[in-house]
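Enquirer: File run09.cif follows (mmCIF, C-alpha atoms and all ligand atoms):
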```cif
data_query
#
loop_
_atom_site.label_atom_id
_atom_site.label_comp_id
_atom_site.auth_asym_id
_atom_site.auth_seq_id
_atom_site.Cartn_x
_atom_site.Cartn_y
_atom_site.Cartn_z
CA MET A 1 141.06 141.16 -13.54
CA LYS A 2 144.13 140.83 -15.77
CA LYS A 3 147.44 142.48 -14.94
CA GLY A 4 147.87 144.21 -18.28
CA ARG A 5 148.57 143.48 -21.92
CA VAL A 6 151.24 141.17 -23.26
CA PHE A 7 152.46 141.44 -26.84
CA SER A 8 154.91 139.20 -28.60
CA GLY A 9 155.81 138.49 -32.18
CA ALA A 10 157.50 135.65 -33.97
CA ARG A 11 158.64 135.29 -37.54
CA PRO A 12 156.71 132.63 -39.47
CA THR A 13 159.06 129.65 -39.48
CA GLY A 14 156.67 126.77 -40.04
CA ARG A 15 156.43 123.75 -37.79
CA GLN A 16 157.76 124.57 -34.36
CA HIS A 17 160.47 122.61 -32.59
CA LEU A 18 161.35 121.83 -28.98
CA GLY A 19 163.50 124.97 -28.80
CA ASN A 20 160.59 127.16 -29.91
CA TYR A 21 158.35 125.44 -27.41
CA LEU A 22 160.62 125.81 -24.39
CA GLY A 23 161.90 129.25 -25.44
CA ALA A 24 158.62 130.92 -26.30
CA ILE A 25 155.38 128.98 -26.77
CA LYS A 26 155.24 127.47 -23.29
CA ASN A 27 155.55 130.92 -21.85
CA TYR A 28 152.98 132.41 -24.26
CA VAL A 29 150.51 129.80 -23.06
CA ALA A 30 151.20 130.42 -19.35
CA LEU A 31 150.89 134.22 -19.64
CA GLN A 32 147.29 133.90 -20.83
CA GLU A 33 146.22 133.23 -17.29
CA ASN A 34 147.14 136.66 -15.95
CA TYR A 35 147.36 138.91 -18.99
CA ASP A 36 145.42 139.94 -22.06
CA CYS A 37 147.66 138.44 -24.69
CA VAL A 38 148.32 139.49 -28.26
CA TYR A 39 150.49 137.16 -30.34
CA CYS A 40 151.56 138.21 -33.78
CA VAL A 41 153.06 136.43 -36.77
CA VAL A 42 155.48 139.06 -38.04
CA ASP A 43 155.39 138.37 -41.77
CA LEU A 44 156.62 141.88 -42.67
CA HIS A 45 159.71 141.37 -40.55
CA ALA A 46 160.26 138.08 -42.37
CA LEU A 47 160.50 140.00 -45.65
CA THR A 48 163.79 141.55 -44.52
CA THR A 49 165.51 138.26 -45.19
CA LEU A 50 164.02 137.77 -48.67
CA ALA A 51 165.01 134.13 -49.18
CA ASP A 52 162.02 132.66 -47.35
CA THR A 53 159.06 134.48 -48.87
CA GLU A 54 157.64 131.67 -51.02
CA HIS A 55 156.95 129.77 -47.81
CA LEU A 56 155.30 132.60 -45.88
CA ARG A 57 151.79 131.29 -46.27
CA THR A 58 152.43 127.66 -45.33
CA TRP A 59 154.87 128.58 -42.60
CA THR A 60 152.34 130.94 -41.07
CA TYR A 61 149.70 128.22 -41.18
CA GLU A 62 151.94 125.53 -39.65
CA MET A 63 153.27 127.79 -36.92
CA VAL A 64 149.85 129.03 -35.84
CA LEU A 65 148.47 125.48 -35.91
CA ASP A 66 151.26 124.49 -33.50
CA TRP A 67 150.52 127.50 -31.28
CA LEU A 68 146.84 126.61 -31.06
CA ALA A 69 147.55 122.93 -30.47
CA ALA A 70 149.96 123.87 -27.68
CA GLY A 71 147.29 125.84 -25.84
CA ILE A 72 147.27 129.38 -27.16
CA ASP A 73 143.58 129.94 -26.89
CA PRO A 74 141.66 132.60 -28.86
CA GLU A 75 138.45 131.47 -27.13
CA CYS A 76 139.75 132.76 -23.80
CA GLY A 77 140.45 136.18 -25.27
CA THR A 78 143.94 135.85 -26.71
CA ILE A 79 144.41 137.66 -30.01
CA VAL A 80 146.42 135.78 -32.62
CA PHE A 81 146.96 137.62 -35.89
CA VAL A 82 149.23 138.28 -38.84
CA GLN A 83 151.17 141.55 -38.73
CA SER A 84 150.38 142.61 -42.32
CA HIS A 85 146.63 142.15 -41.74
CA VAL A 86 146.68 145.26 -39.54
CA PRO A 87 148.30 147.85 -41.81
CA GLN A 88 148.19 150.57 -39.13
CA VAL A 89 151.52 149.19 -37.97
CA THR A 90 153.23 150.51 -41.08
CA GLU A 91 151.89 154.01 -40.44
CA LEU A 92 153.11 153.93 -36.86
CA HIS A 93 156.45 152.63 -38.11
CA THR A 94 156.77 155.66 -40.40
CA ILE A 95 155.85 158.09 -37.63
CA LEU A 96 158.25 156.47 -35.14
CA SER A 97 161.02 156.57 -37.75
CA MET A 98 160.88 160.37 -37.57
CA VAL A 99 162.04 160.34 -33.95
CA THR A 100 164.67 157.66 -34.49
CA PRO A 101 168.30 158.70 -34.93
CA LEU A 102 169.75 156.67 -37.80
CA GLY A 103 173.01 156.06 -35.95
CA LYS A 104 171.18 154.25 -33.19
CA LEU A 105 169.87 151.71 -35.68
CA THR A 106 173.11 151.10 -37.52
CA ARG A 107 174.98 150.64 -34.24
CA LEU A 108 172.70 147.87 -32.98
CA PRO A 109 174.48 144.51 -32.65
CA THR A 110 171.52 142.74 -34.32
CA PHE A 111 171.85 144.97 -37.39
CA LYS A 112 175.60 144.41 -37.62
CA GLU A 113 175.02 140.68 -37.39
CA LYS A 114 172.55 140.80 -40.29
CA VAL A 115 175.05 142.77 -42.38
CA ARG A 116 177.55 139.98 -41.79
CA GLN A 117 174.98 137.31 -42.62
CA GLN A 118 173.65 138.88 -45.81
CA PRO A 119 176.21 141.41 -47.10
CA ASP A 120 174.55 141.40 -50.54
CA ASN A 121 171.15 142.36 -49.20
CA VAL A 122 171.56 145.16 -46.68
CA ASN A 123 168.14 146.61 -47.40
CA TYR A 124 166.46 149.63 -45.87
CA GLY A 125 163.93 147.37 -44.11
CA LEU A 126 166.73 145.68 -42.23
CA VAL A 127 167.82 149.02 -40.77
CA GLY A 128 164.23 149.79 -39.80
CA TYR A 129 163.55 146.33 -38.34
CA PRO A 130 163.62 147.53 -34.71
CA VAL A 131 161.40 150.52 -35.56
CA LEU A 132 158.79 148.15 -36.98
CA MET A 133 159.11 146.04 -33.85
CA ALA A 134 158.62 149.13 -31.69
CA ALA A 135 155.52 149.92 -33.77
CA ASP A 136 154.19 146.37 -33.18
CA ILE A 137 154.51 146.75 -29.46
CA THR A 138 153.32 150.32 -29.04
CA LEU A 139 150.37 149.98 -31.45
CA TYR A 140 148.82 147.71 -28.82
CA LYS A 141 150.07 149.71 -25.82
CA ALA A 142 151.64 146.51 -24.53
CA ASP A 143 152.80 146.54 -20.92
CA VAL A 144 154.88 143.40 -21.07
CA VAL A 145 156.85 141.79 -23.89
CA PRO A 146 158.06 138.23 -23.42
CA VAL A 147 161.15 137.67 -25.55
CA GLY A 148 164.46 135.87 -25.52
CA VAL A 149 167.52 137.76 -24.31
CA ASP A 150 168.65 137.97 -27.95
CA GLN A 151 165.96 140.65 -28.30
CA ALA A 152 167.19 142.76 -25.38
CA SER A 153 168.67 145.51 -27.54
CA HIS A 154 165.43 145.77 -29.52
CA LEU A 155 163.37 146.05 -26.37
CA GLU A 156 165.67 148.73 -24.95
CA PHE A 157 165.42 150.54 -28.28
CA THR A 158 161.60 150.41 -28.07
CA ARG A 159 161.66 151.86 -24.58
CA GLU A 160 163.90 154.72 -25.66
CA ILE A 161 161.81 155.55 -28.69
CA VAL A 162 158.67 155.64 -26.54
CA ARG A 163 160.33 158.08 -24.14
CA THR A 164 161.46 160.29 -27.02
CA PHE A 165 158.04 160.21 -28.66
CA ASN A 166 156.21 160.99 -25.43
CA HIS A 167 158.67 163.77 -24.63
CA HIS A 168 157.93 165.47 -27.96
CA PHE A 169 154.23 164.75 -28.36
CA GLY A 170 152.80 164.00 -24.92
CA PRO A 171 152.19 160.82 -22.97
CA VAL A 172 150.53 158.72 -25.63
CA LEU A 173 152.61 155.57 -25.96
CA VAL A 174 153.22 152.97 -23.25
CA GLU A 175 156.79 152.05 -22.29
CA PRO A 176 156.87 148.25 -22.26
CA GLN A 177 158.64 146.02 -19.76
CA ALA A 178 160.71 143.20 -21.17
CA LYS A 179 160.05 139.80 -19.67
CA TYR A 180 163.01 137.67 -20.57
CA THR A 181 162.18 134.01 -20.80
CA GLU A 182 164.33 131.84 -18.63
CA VAL A 183 165.08 128.99 -20.90
CA PRO A 184 166.98 125.83 -20.37
CA LYS A 185 169.56 126.01 -23.13
CA VAL A 186 168.19 123.79 -25.86
CA LEU A 187 170.85 122.62 -28.25
CA GLY A 188 170.14 120.88 -31.52
CA ILE A 189 170.79 117.23 -32.19
CA ASP A 190 174.38 118.18 -33.10
CA GLY A 191 174.92 118.98 -29.41
CA ILE A 192 176.78 122.17 -30.41
CA ASN A 193 174.44 124.76 -31.89
CA LYS A 194 171.18 126.16 -30.59
CA MET A 195 168.25 124.14 -31.93
CA SER A 196 167.20 125.69 -35.21
CA LYS A 197 165.28 124.76 -38.30
CA SER A 198 167.82 126.42 -40.59
CA LEU A 199 170.56 124.12 -39.26
CA ASN A 200 168.24 121.12 -39.51
CA ASN A 201 169.29 120.06 -36.02
CA HIS A 202 165.78 120.34 -34.62
CA VAL A 203 163.04 118.07 -33.29
CA GLU A 204 159.55 119.12 -34.37
CA LEU A 205 156.71 119.09 -31.85
CA ALA A 206 154.44 117.56 -34.47
CA SER A 207 156.80 114.63 -35.19
CA GLU A 208 155.32 111.16 -35.32
CA PRO A 209 156.78 108.77 -32.71
CA GLU A 210 159.09 107.06 -35.25
CA GLU A 211 160.48 110.44 -36.23
CA LEU A 212 161.01 111.36 -32.56
CA TYR A 213 162.93 108.13 -31.97
CA ALA A 214 165.02 108.68 -35.08
CA ARG A 215 165.95 112.28 -34.23
CA VAL A 216 166.72 111.52 -30.58
CA ARG A 217 168.89 108.57 -31.66
CA MET A 218 170.96 111.01 -33.74
CA MET A 219 171.64 113.32 -30.79
CA VAL A 220 175.25 113.93 -29.91
CA THR A 221 175.97 113.19 -26.24
CA ASP A 222 179.07 113.77 -24.07
CA PRO A 223 181.87 113.60 -26.66
CA GLN A 224 184.25 112.13 -24.06
CA ARG A 225 182.01 109.16 -23.53
CA GLN A 226 183.14 106.97 -26.39
CA ARG A 227 182.73 103.46 -25.02
CA ARG A 228 179.74 102.05 -23.21
CA THR A 229 181.93 101.58 -20.11
CA ASP A 230 183.16 105.23 -20.00
CA PRO A 231 181.48 107.24 -17.25
CA GLY A 232 179.44 110.13 -18.66
CA ARG A 233 179.07 113.80 -17.71
CA PRO A 234 175.38 114.71 -17.65
CA GLU A 235 176.21 118.40 -17.21
CA VAL A 236 177.59 118.60 -20.75
CA CYS A 237 175.05 116.27 -22.32
CA ASN A 238 172.18 117.65 -24.35
CA VAL A 239 170.13 114.48 -23.98
CA PHE A 240 170.37 114.89 -20.24
CA SER A 241 169.30 118.53 -20.36
CA LEU A 242 166.17 117.40 -22.23
CA HIS A 243 165.55 114.70 -19.62
CA ASN A 244 165.49 117.55 -17.14
CA VAL A 245 162.53 119.01 -18.96
CA PHE A 246 160.59 115.98 -20.15
CA THR A 247 161.33 113.24 -17.62
CA PRO A 248 159.85 113.00 -14.11
CA GLN A 249 162.28 114.42 -11.56
CA GLU A 250 162.89 111.15 -9.62
CA THR A 251 163.90 109.37 -12.79
CA VAL A 252 166.18 112.24 -13.77
CA GLY A 253 168.18 111.76 -10.56
CA GLN A 254 168.53 108.07 -11.31
CA ILE A 255 169.64 108.71 -14.89
CA GLU A 256 172.20 111.22 -13.69
CA ALA A 257 173.71 108.74 -11.23
CA ASP A 258 173.63 105.87 -13.72
CA CYS A 259 175.30 107.97 -16.41
CA ARG A 260 178.16 109.01 -14.11
CA THR A 261 178.89 105.39 -13.19
CA ALA A 262 178.32 104.04 -16.69
CA GLY A 263 175.36 102.15 -15.29
CA ILE A 264 173.35 103.02 -18.41
CA GLY A 265 174.60 103.68 -21.91
CA CYS A 266 173.64 106.52 -24.22
CA VAL A 267 171.51 104.30 -26.42
CA GLU A 268 169.31 103.31 -23.52
CA CYS A 269 169.25 106.84 -22.12
CA LYS A 270 168.10 108.20 -25.49
CA LYS A 271 165.42 105.54 -25.75
CA MET A 272 164.01 106.69 -22.41
CA LEU A 273 164.05 110.30 -23.54
CA ALA A 274 162.28 109.46 -26.79
CA GLU A 275 159.64 107.46 -24.92
CA ASN A 276 159.00 110.37 -22.59
CA LEU A 277 158.81 112.81 -25.47
CA VAL A 278 156.28 110.62 -27.24
CA VAL A 279 154.11 110.53 -24.13
CA HIS A 280 154.56 114.21 -23.36
CA LEU A 281 153.70 115.32 -26.90
CA ALA A 282 150.81 112.90 -27.49
CA PRO A 283 148.05 115.32 -26.40
CA PHE A 284 149.66 118.03 -28.55
CA ARG A 285 149.74 115.78 -31.62
CA GLU A 286 146.19 114.71 -31.08
CA ARG A 287 144.91 118.23 -30.75
CA ARG A 288 146.91 119.34 -33.76
CA SER A 289 145.44 116.71 -36.06
CA GLN A 290 141.99 117.42 -34.71
CA LEU A 291 142.33 121.15 -35.45
CA ALA A 292 143.76 120.37 -38.89
CA THR A 293 140.63 118.48 -39.96
CA ASP A 294 139.15 121.88 -40.78
CA PRO A 295 141.68 123.51 -43.13
CA ASP A 296 139.99 126.91 -42.67
CA TYR A 297 140.21 126.93 -38.89
CA VAL A 298 143.63 128.58 -38.60
CA TRP A 299 142.72 131.23 -41.16
CA ASP A 300 139.41 131.89 -39.41
CA VAL A 301 141.26 132.41 -36.13
CA LEU A 302 143.68 134.78 -37.85
CA ARG A 303 140.90 136.74 -39.56
CA ASP A 304 139.06 137.17 -36.29
CA GLY A 305 142.34 138.05 -34.52
CA ALA A 306 143.08 140.75 -37.08
CA GLU A 307 139.62 142.26 -36.56
CA ARG A 308 140.09 142.42 -32.82
CA ALA A 309 143.64 143.73 -33.20
CA LYS A 310 142.38 146.46 -35.53
CA THR A 311 139.91 147.69 -32.95
CA ILE A 312 142.83 148.49 -30.66
CA ALA A 313 145.12 149.68 -33.47
CA ARG A 314 142.62 152.18 -34.91
CA GLN A 315 142.14 153.77 -31.53
CA VAL A 316 145.86 154.09 -30.81
CA ILE A 317 146.79 155.31 -34.28
CA ALA A 318 144.12 158.03 -33.96
CA GLU A 319 145.68 159.18 -30.70
CA VAL A 320 149.11 159.20 -32.32
CA GLN A 321 147.90 161.17 -35.36
CA THR A 322 146.36 163.78 -33.10
CA ALA A 323 149.43 163.96 -30.86
CA VAL A 324 151.84 164.56 -33.71
CA GLY A 325 149.48 167.12 -35.27
CA LEU A 326 148.61 165.42 -38.53
CA PRO A 327 145.72 167.38 -40.05
N1 LIG A 401 162.30 140.59 -33.58
C1 LIG A 401 161.65 139.44 -33.01
C2 LIG A 401 162.51 138.20 -33.31
O1 LIG A 401 163.30 138.21 -34.22
C3 LIG A 401 160.27 139.25 -33.57
C4 LIG A 401 159.36 140.40 -33.25
C5 LIG A 401 158.85 141.30 -34.14
C6 LIG A 401 158.85 140.73 -31.97
N2 LIG A 401 158.05 142.17 -33.49
C7 LIG A 401 158.02 141.85 -32.15
C8 LIG A 401 159.02 140.20 -30.70
C9 LIG A 401 157.36 142.47 -31.08
C10 LIG A 401 158.37 140.80 -29.62
C11 LIG A 401 157.54 141.92 -29.82
O2 LIG A 401 162.37 137.21 -32.62
#
```
Just give me the structure of the file as structure tokens.
Ligand code: TRP

Expert:
Amino acid sequence: MKKGRVFSGARPTGRQHLGNYLGAIKNYVALQENYDCVYCVVDLHALTTLADTEHLRTWTYEMVLDWLAAGIDPECGTIVFVQSHVPQVTELHTILSMVTPLGKLTRLPTFKEKVRQQPDNVNYGLVGYPVLMAADITLYKADVVPVGVDQASHLEFTREIVRTFNHHFGPVLVEPQAKYTEVPKVLGIDGINKMSKSLNNHVELASEPEELYARVRMMVTDPQRQRRTDPGRPEVCNVFSLHNVFTPQETVGQIEADCRTAGIGCVECKKMLAENLVVHLAPFRERRSQLATDPDYVWDVLRDGAERAKTIARQVIAEVQTAVGLP
């Protein structure tokens, strides 16, 4: 017996990187054991930042292929689907917008940030972004939503809108719990910014070994360690933080000690990390290329996911329509 329903969404960003894996995918996979999971590619949300739309199709394909290769498993009941394939979400979005005070949306820190990022494209969809996200979650009556802490204000917003809706129209929607993923901070190869595709400081899960070696070699380590003989500070080194995740714990202790005494240099330390990454990701790469031999597989999974998602969505939207009194 499962503990309830999990829902999470991610914008289609193409091939996933180590940051995506540690920050979201790993957790998505683990939750399948105890929850009924629904994972959604939020292509409508992606439209709010217009620049990327010509890639939506390929980026959806590549992202979902990575998800499946990493262990998200539709065969064990998990629903994986594309947001726009279940149009009921747009109806729920409209209905929820009627109980949403505009000021609440324009005051959100995430909205203000977007206004700073794209001052020439402050579209209506951007204001409604959290309402659409609330519709995603409530359309499936999700109990638990695994997200990064950057989504905390959106989750709190969803909870408030559910309370307001239920207060006006009766107890129809489910107030979701946020489940914030505890993530080791994964910086990009620049050693400064969070790993991200848009900054091109990322390491893709699907990389071939040569590519992994090349990207790891480029990683910035402790900036104070300039000569081979300088002692290093593992606590500020991004390569070390990745060792913590991908290297067996005994070896990590040894690397830490050797770094502090300049017993090993960064070149050698990076080589070890790259080797471990290659080994760690080998089953993923293998499964990915196996799944990719059938180019329809991902789309078949998404079509089936949309059908199963719709079964839930139709039911909930009917309850909502009745509750608000639509004739
Ligand atoms: N806003 C989320 C992000 O930018 C993506 C998202 C859309 C989402 N709908 C969701 C996350 C529903 C969790 C649940 O990362």

Enquirer: Please, which residues in range 21-139 of chain A fall within 9 Å of range 295-299 of chain A when counting only C-alpha atoms, and what is the closest atom pair and distance in Å to one decimal for each, ordered by chain then residue number, as a Markdown table?

Expert:
```
| residue | atom | partner | partner_atom | distance |
| --- | --- | --- | --- | --- |
| A:Tyr61 | CA | A:Val298 | CA | 6.6 |
| A:Glu62 | CA | A:Val298 | CA | 8.9 |
| A:Val64 | CA | A:Val298 | CA | 6.8 |
| A:Leu65 | CA | A:Val298 | CA | 6.3 |
| A:Leu68 | CA | A:Val298 | CA | 8.4 |
```

Enquirer: Which one of A:Thr138, A:Thr251, A:Thr311, A:Thr106 sits closest to ligand LIG 401 (chain A) if you count all atoms listed in the file?

Expert: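 The closest residue to ligand LIG 401 (chain A) is A:Thr138.
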
Enquirer: Would you name the residues within 9 Å of ligand LIG 401 (chain A), counting all atoms listed in the file, and put them as an NGL selection string?

Expert: :A and (7-11 or 39-46 or 83 or 129-130 or 132-137 or 145-148 or 150-151 or 154-155)

Enquirer: To one decimal place in Å, what is the distance between CA of Leu50 in chain A and CA of Ala142 in chain A?

Expert: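 Between CA of Leu50 in chain A and CA of Ala142 in chain A the gap is 28.5 Å.
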
Enquirer: So how many Å separate CA of Lys194 in chain A and CA of Leu47 in chain A, to one decimal?

Expert: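 Taking CA of Lys194 in chain A and CA of Leu47 in chain A, their separation equals 23.1 Å.
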
Enquirer: Grab the CA of Ile25 in chain A to CA of Val239 in chain A distance for me, in Å with one decimal place.

Expert: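 Between CA of Ile25 in chain A and CA of Val239 in chain A the gap is 20.9 Å.
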
Enquirer: Show which residues sit within 10 Å of Ser207 in chain A, as number ranges by chain. Count all atoms listed in the file, and ignore same-chain residues fewer than 6 positions away.

Expert: A: 15, 17, 213, 215, 278, 281-282, 285

Enquirer: Just give me the residues with any atom within 12 Å of (151.7, 159.2, -29.0), file coordinates, counting all atoms listed in the file, written as a PyMOL selection string.

Expert: chain A and resi 92+95-96+99+135+138-141+161-175+315-326
